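Text of entry_22.cif, listed as mmCIF, C-alpha atoms:
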```cif
data_coords
#
loop_
_atom_site.label_atom_id
_atom_site.label_comp_id
_atom_site.auth_asym_id
_atom_site.auth_seq_id
_atom_site.Cartn_x
_atom_site.Cartn_y
_atom_site.Cartn_z
CA MET A 1 170.73 84.81 125.68
CA SER A 2 168.30 85.88 128.31
CA GLN A 3 165.75 83.47 129.65
CA ALA A 4 162.10 84.49 129.56
CA SER A 5 160.54 84.65 132.99
CA THR A 6 157.37 82.65 133.46
CA ALA A 7 154.71 84.36 135.53
CA VAL A 8 153.16 82.18 138.23
CA PRO A 9 149.44 82.84 138.51
CA THR A 10 148.35 83.85 141.98
CA LYS A 11 144.95 83.66 143.68
CA PRO A 12 143.20 86.91 144.01
CA ALA A 13 143.59 88.37 147.47
CA THR A 14 140.56 88.12 149.66
CA ALA A 15 139.78 90.58 152.36
CA LYS A 16 139.83 89.21 155.94
CA THR A 17 136.47 89.30 157.66
CA HIS A 18 136.06 89.68 161.41
CA ALA A 19 133.06 88.43 163.39
CA PRO A 20 131.24 91.28 165.06
CA ALA A 21 132.15 91.69 168.71
CA GLN A 22 129.61 90.22 171.15
CA SER A 23 128.13 92.38 173.83
CA LEU A 24 128.41 91.44 177.49
CA ALA A 25 124.77 90.32 177.51
CA GLU A 26 125.34 88.09 174.49
CA ARG A 27 128.43 86.50 176.03
CA PHE A 28 126.53 85.82 179.26
CA SER A 29 123.66 84.28 177.29
CA THR A 30 126.09 82.00 175.43
CA TRP A 31 127.75 80.94 178.70
CA ARG A 32 124.38 80.29 180.34
CA ASP A 33 123.21 78.13 177.42
CA ARG A 34 126.45 76.17 177.58
CA MET A 35 126.05 75.58 181.31
CA ARG A 36 122.44 74.50 180.91
CA SER A 37 123.36 72.02 178.18
CA ALA A 38 125.96 70.54 180.53
CA GLN A 39 123.33 69.91 183.26
CA PRO A 40 122.26 66.25 183.62
CA ARG A 41 118.78 65.49 182.38
CA SER A 42 115.98 65.09 184.90
CA GLY A 43 115.66 61.35 184.31
CA GLU A 44 119.27 60.60 185.20
CA GLY A 45 118.80 60.80 188.97
CA GLN A 46 120.73 64.07 189.27
CA ALA A 47 119.56 67.41 190.63
CA VAL A 48 118.16 69.87 188.13
CA GLY A 49 119.28 73.46 188.57
CA TRP A 50 117.13 76.57 188.91
CA ILE A 51 113.88 75.10 190.13
CA GLU A 52 111.25 77.77 190.71
CA THR A 53 108.40 77.16 193.15
CA ARG A 54 105.45 79.20 194.31
CA PRO A 55 105.71 80.96 197.69
CA SER A 56 104.57 78.81 200.60
CA TRP A 57 102.56 79.84 203.64
CA ARG A 58 105.86 80.41 205.46
CA ASP A 59 107.00 82.89 202.79
CA GLU A 60 103.74 84.83 203.10
CA LEU A 61 103.88 84.72 206.89
CA ALA A 62 107.45 86.02 206.99
CA ALA A 63 106.52 88.89 204.64
CA TRP A 64 103.60 89.81 206.89
CA VAL A 65 105.83 89.84 209.97
CA ARG A 66 108.27 92.14 208.18
CA GLY A 67 105.39 94.54 207.68
CA VAL A 68 104.35 94.31 211.34
CA THR A 69 107.84 95.07 212.66
CA ALA A 70 108.15 97.92 210.14
CA GLY A 71 104.92 99.43 211.44
CA THR A 72 103.02 99.18 208.15
CA LEU A 73 100.78 96.23 209.12
CA GLU A 74 98.95 95.18 212.25
CA ARG A 75 96.12 92.74 211.58
CA ASN A 76 95.00 90.04 209.16
CA PRO A 77 97.93 87.60 208.96
CA PRO A 78 97.93 85.28 205.92
CA ALA A 79 96.22 81.90 206.12
CA SER A 80 98.47 79.41 207.91
CA PRO A 81 96.86 75.95 208.30
CA PRO A 82 99.53 74.68 210.76
CA ILE A 83 98.79 77.66 213.02
CA ASP A 84 95.08 76.77 212.96
CA THR A 85 95.96 73.15 213.78
CA LEU A 86 98.04 74.31 216.75
CA LEU A 87 95.10 76.36 218.04
CA ALA A 88 92.90 73.26 217.99
CA ARG A 89 95.49 71.05 219.68
CA PHE A 90 95.89 73.44 222.60
CA GLU A 91 92.18 74.37 222.63
CA LEU A 92 93.01 78.07 222.22
CA MET A 93 90.60 80.81 221.17
CA PRO A 94 90.86 81.92 217.52
CA GLN A 95 91.50 85.50 218.70
CA VAL A 96 95.10 84.63 219.66
CA ALA A 97 95.96 83.29 216.20
CA PRO A 98 97.64 86.58 215.11
CA ALA A 99 100.01 86.34 218.09
CA LEU A 100 100.99 82.79 217.15
CA ALA A 101 101.49 83.90 213.55
CA LEU A 102 103.66 86.81 214.65
CA LEU A 103 105.85 84.70 216.94
CA TYR A 104 106.40 81.93 214.41
CA GLY A 105 106.98 84.43 211.63
CA ALA A 106 109.58 86.17 213.79
CA HIS A 107 111.36 82.82 214.09
CA LEU A 108 111.30 82.46 210.29
CA CYS A 109 112.83 85.93 209.98
CA GLY A 110 115.65 85.03 212.35
CA ASP A 111 114.40 87.14 215.25
CA ASP A 112 114.58 86.05 218.88
CA GLY A 113 110.88 86.27 219.64
CA ALA A 114 108.87 89.47 219.40
CA ALA A 115 108.52 92.65 221.40
CA PRO A 116 105.47 92.75 223.68
CA VAL A 117 104.26 95.90 221.95
CA ASP A 118 104.08 94.07 218.60
CA VAL A 119 102.19 91.17 220.18
CA ALA A 120 99.69 93.64 221.65
CA ARG A 121 99.32 95.46 218.31
CA VAL A 122 98.38 92.37 216.32
CA LEU A 123 95.83 91.49 219.02
CA GLY A 124 94.06 94.83 218.83
CA ARG A 125 95.98 96.44 221.74
CA ASN A 126 95.27 93.49 224.04
CA TRP A 127 98.24 93.42 226.43
CA ASP A 128 97.36 90.27 228.39
CA GLU A 129 99.01 87.87 225.95
CA ALA A 130 101.91 90.27 225.45
CA LEU A 131 102.70 90.34 229.17
CA GLY A 132 102.23 86.65 229.93
CA LYS A 133 98.78 86.93 231.52
CA GLY A 134 96.77 85.22 228.79
CA GLN A 135 95.92 81.75 227.59
CA LEU A 136 99.07 81.29 225.50
CA HIS A 137 101.32 81.48 228.55
CA ALA A 138 98.92 79.43 230.67
CA ALA A 139 98.97 76.64 228.07
CA GLY A 140 102.78 76.66 227.96
CA VAL A 141 102.85 77.81 224.34
CA THR A 142 104.80 81.01 225.05
CA SER A 143 107.48 82.19 227.45
CA HIS A 144 108.40 85.74 228.49
CA ARG A 145 111.94 86.81 229.33
CA ASP A 146 114.15 89.85 228.75
CA SER A 147 111.25 91.85 227.30
CA ARG A 148 110.72 89.28 224.52
CA VAL A 149 107.83 86.92 223.88
CA ARG A 150 108.85 83.53 222.47
CA LEU A 151 107.19 80.30 221.41
CA ALA A 152 108.09 77.21 223.41
CA PRO A 153 110.89 75.21 221.69
CA CYS A 154 108.64 72.18 221.16
CA VAL A 155 105.99 74.37 219.52
CA LEU A 156 108.61 75.80 217.15
CA ALA A 157 109.84 72.30 216.33
CA ALA A 158 106.31 71.09 215.60
CA LEU A 159 105.64 74.05 213.27
CA ASP A 160 109.03 73.50 211.59
CA GLY A 161 108.11 69.88 210.93
CA LEU A 162 111.01 68.53 213.02
CA PRO A 163 110.82 65.30 215.05
CA PRO A 164 109.99 65.55 218.79
CA GLN A 165 112.85 65.61 221.28
CA SER A 166 111.20 64.28 224.45
CA GLY A 167 110.19 60.89 223.09
CA THR A 168 109.57 58.60 220.13
CA MET A 169 106.53 59.20 217.94
CA VAL A 170 104.50 56.10 217.09
CA GLY A 171 101.70 56.38 214.54
CA GLU A 172 100.32 59.43 212.76
CA PRO A 173 98.53 62.39 214.42
CA GLY A 174 94.77 62.11 214.19
CA THR A 175 91.63 62.17 216.30
CA ILE A 176 92.55 61.16 219.85
CA ALA A 177 90.10 58.64 221.27
CA LEU A 178 91.14 58.95 224.93
CA LEU A 179 89.27 61.35 227.18
CA GLY A 180 91.74 61.43 230.07
CA PRO A 181 94.50 59.49 231.85
CA CYS A 182 94.56 55.72 231.64
CA VAL A 183 96.98 52.98 232.69
CA VAL A 184 98.53 49.90 231.11
CA VAL A 185 100.69 47.22 232.74
CA ALA A 186 104.00 46.31 231.09
CA GLY A 187 107.30 45.09 232.49
CA ASP A 188 110.26 47.40 232.87
CA ASP A 189 112.15 45.31 230.35
CA THR A 190 109.60 46.06 227.60
CA GLU A 191 110.57 48.99 225.41
CA LEU A 192 108.11 51.85 225.62
CA GLY A 193 107.88 52.05 221.83
CA ILE A 194 106.63 48.44 221.70
CA VAL A 195 104.03 49.22 224.37
CA ALA A 196 102.92 52.22 222.31
CA GLU A 197 102.49 50.03 219.22
CA THR A 198 100.14 47.71 221.11
CA CYS A 199 98.14 50.63 222.53
CA LEU A 200 97.83 52.52 219.25
CA PRO A 201 94.50 51.04 218.07
CA ASN A 202 92.76 52.05 221.32
CA ALA A 203 94.42 55.46 221.67
CA GLY A 204 93.64 56.85 218.24
CA GLY A 205 96.04 59.15 216.42
CA ALA A 206 99.66 58.97 217.52
CA ILE A 207 101.48 58.21 220.78
CA LEU A 208 104.60 60.00 222.02
CA ALA A 209 106.52 57.42 224.05
CA GLY A 210 108.36 59.77 226.38
CA HIS A 211 111.86 59.54 227.83
CA ALA A 212 112.08 63.02 229.39
CA GLU A 213 110.45 64.89 232.27
CA PRO A 214 106.66 64.27 232.33
CA ARG A 215 105.82 67.96 231.91
CA ASP A 216 108.00 68.21 228.79
CA VAL A 217 106.50 65.07 227.28
CA LEU A 218 102.94 66.22 227.94
CA LEU A 219 103.55 69.63 226.35
CA GLU A 220 105.33 68.22 223.32
CA ALA A 221 102.73 65.52 222.79
CA ARG A 222 100.05 68.18 222.65
CA ALA A 223 102.06 70.30 220.22
CA TYR A 224 102.37 67.30 217.89
CA GLY A 225 98.78 66.14 218.27
CA ALA A 226 99.71 62.91 220.06
CA VAL A 227 98.91 61.12 223.31
CA ALA A 228 101.75 61.19 225.84
CA MET A 229 102.97 57.86 227.21
CA LEU A 230 104.89 57.91 230.50
CA ARG A 231 106.49 55.11 232.50
CA LEU A 232 105.84 55.24 236.25
CA PRO A 233 107.87 53.30 238.82
CA ALA A 234 106.40 50.55 240.98
CA GLY A 235 104.58 51.70 244.10
CA THR A 236 103.49 55.04 242.64
CA LEU A 237 100.42 56.09 244.59
CA ALA A 238 99.84 59.70 243.55
CA ARG A 239 97.83 60.31 240.41
CA LEU A 240 99.55 62.43 237.78
CA ALA A 241 98.30 66.01 238.13
CA THR A 242 96.62 66.26 234.72
CA ASP A 243 93.23 65.53 233.22
CA GLU A 244 94.42 65.43 229.60
CA PRO A 245 94.85 62.16 227.70
CA VAL A 246 97.98 60.32 228.83
CA ILE A 247 98.91 56.64 228.99
CA LEU A 248 100.68 55.66 232.22
CA VAL A 249 102.80 52.51 232.00
CA VAL A 250 103.35 50.67 235.28
CA PRO A 251 105.08 47.35 236.01
CA ASP A 252 102.39 45.58 238.07
CA ASP A 253 98.67 45.38 238.77
CA ALA A 254 98.97 46.76 242.31
CA THR A 255 100.46 50.01 241.07
CA ALA A 256 97.85 50.22 238.31
CA ASP A 257 95.01 49.80 240.80
CA ALA A 258 96.51 52.42 243.13
CA LEU A 259 96.41 55.07 240.41
CA GLY A 260 92.63 55.00 240.25
CA VAL A 261 92.40 55.58 236.51
CA PRO A 262 90.85 53.32 233.85
CA ARG A 263 92.82 50.45 232.33
CA LEU A 264 93.50 50.75 228.63
CA ALA A 265 91.89 47.68 227.06
#
```
Rewritten as structure tokens:
Amino acid sequence: MSQASTAVPTKPATAKTHAPAQSLAERFSTWRDRMRSAQPRSGEGQAVGWIETRPSWRDELAAWVRGVTAGTLERNPPASPPIDTLLARFELMPQVAPALALLYGAHLCGDDGAAPVDVARVLGRNWDEALGKGQLHAAGVTSHRDSRVRLAPCVLAALDGLPPQSGTMVGEPGTIALLGPCVVVAGDDTELGIVAETCLPNAGGAILAGHAEPRDVLLEARAYGAVAMLRLPAGTLARLATDEPVILVVPDDATADALGVPRLA
């Protein structure tokens, strides 16, 4: 006797569905969102990626210099407050501001100074500054070698916002109260920075307590808007050959009297 077969009910077949393929742009967007979600939040003390800022005066100055070297621009550099401050510190005429802007902008662009012809062009075809016969060179702001015009290293450092190299800065740059050289008595065992701290209220602004050659300290102090402080040895009879504000530190009263400059109260 044959056995009847029992049919086992089966589920109706369902068609397989495939997700539509993502384009390259969609895959990149998904990856980017995943990376952003993995970034630490701003309140957790970690760096936040992709911070956008507005162009600074250095960005605008570098773009202007690119135009000058390409021959498409000559005059009217962008406003650069630190350049204007430098003019005032060295008592330079406003007419040389484009040359300072060009030379600092060349530094920002990675160039070793500027060609004399470009310096002359931005100054309205005035070749004196380009050839080292003008006030920039006389003030020690620029140097001329190998057919290139360059800013002095201390001027570049001041515009870059770097600390001075010829001494220690004490105080903040401001209005200098001194009108010329003066002298203060302090022992050789007293650190110059401590002497500068005591002199700060009477000097006004900042003091650069120097530890390098006097000429380097004087130039750098001016670039940073500070009063130079120099230590002189005992028995120094010759007055320092400068009329600009400088504090001379000597070890005894006899040396101070021999200098013939006012005592700093």
- Message: I need the residue nearest Leu92 (chain A) from this list: A:His144, A:Arg231, A:His137, A:Arg215. Use all atoms listed in the file for the distance.
- Response: A:His137
- Name the residues that the PyMOL selection byres ((chain A and resi 77) around 12) pulls out of this structure, and write them as a PyMOL selection string. chain A and resi 57-68+73-76+78-81+83-84+95-105+122-123
- Query: Please, what distance in Å, to one decimal, runs between CA of Pro251 (chain A) and CA of Leu232 (chain A)?
  - Reply: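 Between CA of Pro251 (chain A) and CA of Leu232 (chain A) the gap works out to 7.9 Å.
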- Note on the structure: In Å and to one decimal, CA of Val250 (chain A) is distant from CA of Asp188 (chain A) by 8.0 Å
- Task: Taking the file above as input, evaluate the PyMOL selection byres ((chain A and resi 205) around 7) and report the hits as a VMD selection string.
- Result: chain A and resid 171 to 176 203 to 204 206 226
- Query: Could you work out how far CA of Leu86 (chain A) lies from CA of Lys133 (chain A), giving the answer in Å with one decimal?
  - Reply: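 It comes out at 19.4 Å.
Of the listed residues (A:Arg121, A:Arg89, A:Arg54, A:His107), A:Arg89 comes nearest to Glu220 (chain A); the distances count all atoms listed in the file.
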- Of the listed residues A:Val117, A:Leu178, A:Leu192, A:Ala139, that which approaches Pro262 (chain A) most closely, counting only C-alpha atoms: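 Nearest candidate to Pro262 (chain A) out of A:Val117, A:Leu178, A:Leu192, A:Ala139: A:Leu178.
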Determine the residue membership of the PyMOL selection byres ((chain A and resi 222) around 12) for the file above and supply it as a JSON list (two decimals) with C-alpha atoms, in the frame of the given file.
```
[["chain", "number", "residue", "atom", "x", "y", "z"],
["A", 85, "THR", "CA", 95.96, 73.15, 213.78],
["A", 86, "LEU", "CA", 98.04, 74.31, 216.75],
["A", 87, "LEU", "CA", 95.10, 76.36, 218.04],
["A", 88, "ALA", "CA", 92.90, 73.26, 217.99],
["A", 89, "ARG", "CA", 95.49, 71.05, 219.68],
["A", 90, "PHE", "CA", 95.89, 73.44, 222.60],
["A", 91, "GLU", "CA", 92.18, 74.37, 222.63],
["A", 139, "ALA", "CA", 98.97, 76.64, 228.07],
["A", 140, "GLY", "CA", 102.78, 76.66, 227.96],
["A", 141, "VAL", "CA", 102.85, 77.81, 224.34],
["A", 154, "CYS", "CA", 108.64, 72.18, 221.16],
["A", 155, "VAL", "CA", 105.99, 74.37, 219.52],
["A", 158, "ALA", "CA", 106.31, 71.09, 215.60],
["A", 164, "PRO", "CA", 109.99, 65.55, 218.79],
["A", 166, "SER", "CA", 111.20, 64.28, 224.45],
["A", 173, "PRO", "CA", 98.53, 62.39, 214.42],
["A", 174, "GLY", "CA", 94.77, 62.11, 214.19],
["A", 176, "ILE", "CA", 92.55, 61.16, 219.85],
["A", 205, "GLY", "CA", 96.04, 59.15, 216.42],
["A", 206, "ALA", "CA", 99.66, 58.97, 217.52],
["A", 207, "ILE", "CA", 101.48, 58.21, 220.78],
["A", 208, "LEU", "CA", 104.60, 60.00, 222.02],
["A", 215, "ARG", "CA", 105.82, 67.96, 231.91],
["A", 216, "ASP", "CA", 108.00, 68.21, 228.79],
["A", 217, "VAL", "CA", 106.50, 65.07, 227.28],
["A", 218, "LEU", "CA", 102.94, 66.22, 227.94],
["A", 219, "LEU", "CA", 103.55, 69.63, 226.35],
["A", 220, "GLU", "CA", 105.33, 68.22, 223.32],
["A", 221, "ALA", "CA", 102.73, 65.52, 222.79],
["A", 223, "ALA", "CA", 102.06, 70.30, 220.22],
["A", 224, "TYR", "CA", 102.37, 67.30, 217.89],
["A", 225, "GLY", "CA", 98.78, 66.14, 218.27],
["A", 226, "ALA", "CA", 99.71, 62.91, 220.06],
["A", 227, "VAL", "CA", 98.91, 61.12, 223.31],
["A", 228, "ALA", "CA", 101.75, 61.19, 225.84],
["A", 229, "MET", "CA", 102.97, 57.86, 227.21],
["A", 244, "GLU", "CA", 94.42, 65.43, 229.60],
["A", 245, "PRO", "CA", 94.85, 62.16, 227.70],
["A", 246, "VAL", "CA", 97.98, 60.32, 228.83]]
```
- Task: Tell me, as a PyMOL selection string, which residues lie within 8 Å of Ala209 (chain A), counting only C-alpha atoms; anything in the same chain fewer than 6 positions away does not count.
- Result: chain A and resi 167-170+192-193+196+228-230
- Given the choices A:Asp112, A:Asp160, A:Gly260, A:Met93, which gets closest to Glu129 (chain A) if the distance is worked out from only C-alpha atoms?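 Residue with the minimum atom-to-atom distance to Glu129 (chain A): A:Met93.
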